[in-house]
Amino acid sequence: MRELEYPFDSEYILKKSRKLRRQLLEEGSGFLPRKIAVLGGSTTHDIIRVLELFLLDQGIQPEFYESEYDQYWQDVMFDNPALTAFAPDLVYIHTSGRNISVFPSPTDSEAQVEDMLARQYGHFQVMWDKLADKYHCPVIQNNFEYPFYRILGNRDAFDIHGRICFINRLNELFYGYAREHQNFYINDMNYMASAYGLDRWADPLYWHMYKYAMCMQAIPEFAFNLANIIKAIFGKNKKALVLDLDNTLWGGIVGDDGVENLEIGQETSMGQVYSEFQNYIKAQKDIGVLLNVNSKNEYDNAIAGLNHPDGSLQPDDFIVIKANWEPKSKNMADIADELNIMPDSLVFVDDNPAEREIIRNQGGGAVAPEIGTPEQYIRVLDHSGFFEVIGLSEDDRKRNEMYKANLQRRQQQDNFGDYREYLLSLEMRGTIRAFEPLYMARIAQLSNKSNQFNLTTRRYTQSDIERFAADEAYITRYGKLEDKFGDNGVVSVVIGRKGRAFDTALYQKAGALTGAMPSEPCDVLHLELWLMSCRVLKRDMEYAMMDSMVRACQDCGIAVMMGYYYPTAKNAMVRDFYGQQGFTKVAEDEAGNSVWQFMIPEDYQPKNTVIAVND
């Protein structure tokens, strides 16, 4: 919804929130339902009201639990029955500097200040630990914003008696906890207050009149920032940037002005603006954002511009470069196809408002933000939170190289008439094992990001993944794939729950199965999740995973595997996946939800013949 894209009109959102909510619910479909507990140290009603809008816009339909005013700690530590019954998927703790119970005074000794710091931190740490033990879900905690006055003036920043010094030290303890706990996230309220303007943010009127931790007008920006963390946790981040060139990555038109006359570098103030923007874009590669070009240009001119000696972005920094005179909407579709991702995973950056509007209407769901003037490009993209980082794995850092290698594989495929010969030429090596601590974060990330090759589209947090790995009632497998072009990392995940054929609620998703089950109750593995990254499609990794699951079942004396397919707007490609694996469809309802059965033969013959697997 355009009204909710950054930069937005906060006053309009506050006034029209009911109308916007109604529109979002009427126009949206396939929402991901999530239960979010908001535990507040101040009034949270309006934050929830606006937060819901931003989450709905990201495809997440939240159900909220809201603590009573300033009862955030008591609800957790004294086991509020309502919170326990709510069983949240995510907990957000909305505290602020107003919830710091005591600050140092100039007369306190160093030992007294250290004791205050330890007590303030301990107050929160014990709550976080209990949340982790009881709910096993992501927790988001605000850090503390600076006070709106300084008793010690500028000395307040470094003197141990200063409030700013105390808040900085307390925040650093919070950050240390976040570094040590992968399912714990910091909502950087201090940055938000600073970016908004501390004097306006901390207007005392709103605290004393309404017990708001910030002024009313700041709530939409605050809620938007919080929503970015939540949507990233639940797999709603974008994946790729698609960039125009002329007057976007440099000033001027390379085909008319020539490379030597482009504005880029330190010679002019505008050249410095474009240089800073190129440096910002290049840094996105390090967090796993896929970089691509979509420009109306002669290809050779585009490459010449990207090779400008003062530019930090070079042709090798991009995966797909579309520099031609085709409609940019067609180029966007081609880029998505070559990357093997959905068009709605793309963010289109172009200085031309007409091109942005075309992509909004014809880009298959791609986002085209209003980036403003060159001086505003970084601020708009950065504040938009398209690529909010909640974890940073080795796969993230290497993602651009992985996708480049995929293009090399596609080029090699063109040289083969026989597809199996092509697969063998890749010299693929697979690693398939039960979930291991080293890959828990990546496995959780895949479960939240994979939409196309995902049979049930269940979404799991890292805590969920760790629980499955430790539970003997589950068989888990992750799959890595390497070949002569490089390492694809963890690309496939399967989770199976051991059970009995006659006692699972999963059957009821697709209706009763009388007469379709084995003649007698037997040990069964219910495949609750089967997914694979689309970057390794058609490389027989699914057959290698199938072989591994069969071996695991045989080791456990399990005779039957049950597969489940729940259709979504994006996973039609795997509608008949289980049939291709040798399963028999035993039930299907009108919505297309289907149940599949595989009776494991004693002489099962492996399906994978092209990947050398270390299982």
# chains A, B, ... in the order shown; residues from 1 in each chain; ligands from 1
$ select_by_dssp --residues "region 154-345 of chain A" --states "strand (DSSP E or B)" --output "MDAnalysis selection string"
chainID A and resid 184:187 240:243 246 250:251 263 290:296 320:324
$ closest_residue --among "A:Ala157, A:Ala304, A:Leu170, A:Val139" --to "His123 (chain A)" --atoms "only C-alpha atoms"
A:Leu170
$ closest_residue --among "A:Asn279, A:Ser384, A:Asn187, A:Asn352" --to "Glu5 (chain A)" --atoms "only C-alpha atoms"
A:Ser384
$ select_by_dssp --residues "region 356-391 of chain A" --states "helix (DSSP H, G or I)" --output "list in words"
Arg356, Glu357, Ile358, Ile359, Arg360, Asn361, Gln362, Pro374, Glu375, Gln376, Tyr377, Ile378, Arg379, Val380, Leu381, Asp382, His383 and Ser384 of chain A
$ write_last_selection --atoms "C-alpha atoms" --output "compact mmCIF listing (two decimals), in the first residue's frame"
# COMPACT_ATOMS: atom_id res chain seq x y z
CA ARG A 356 8.86 3.61 -11.00
CA GLU A 357 5.14 3.82 -11.66
CA ILE A 358 5.36 1.32 -14.51
CA ILE A 359 7.14 -1.17 -12.27
CA ARG A 360 4.57 -0.71 -9.52
CA ASN A 361 1.82 -1.57 -11.99
CA GLN A 362 3.57 -4.16 -14.16
CA PRO A 374 20.25 11.99 -4.95
CA GLU A 375 21.01 13.37 -1.49
CA GLN A 376 18.04 11.39 -0.16
CA TYR A 377 18.68 8.03 -1.87
CA ILE A 378 20.54 6.46 1.05
CA ARG A 379 18.17 7.72 3.73
CA VAL A 380 15.06 6.46 1.92
CA LEU A 381 16.47 3.01 1.16
CA ASP A 382 18.04 2.64 4.59
CA HIS A 383 14.94 3.70 6.53
CA SER A 384 12.69 1.53 4.33
$ residues_around --residues "region 398-404 of chain A" --least-positions-apart "2" --cutoff "7 Å" --atoms "only C-alpha atoms" --output "JSON, numbers by chain"
{"A": [285, 288, 290, 319, 339, 394, 395, 396, 406, 407, 408, 486, 487, 488]}
$ residues_around --residues "Gln141 (chain A)" --least-positions-apart "2" --cutoff "12 Å" --atoms "only C-alpha atoms" --output "NGL selection string"
:A and (37-41 or 72 or 90-96 or 124-125 or 127-128 or 131 or 138-139 or 143-144 or 171 or 174-175 or 177-178 or 183-190 or 226 or 229-230)
$ closest_residue --among "A:Glu63, A:Glu602, A:Asp334, A:Glu421" --to "Ile321 (chain A)" --atoms "only C-alpha atoms"
A:Asp334
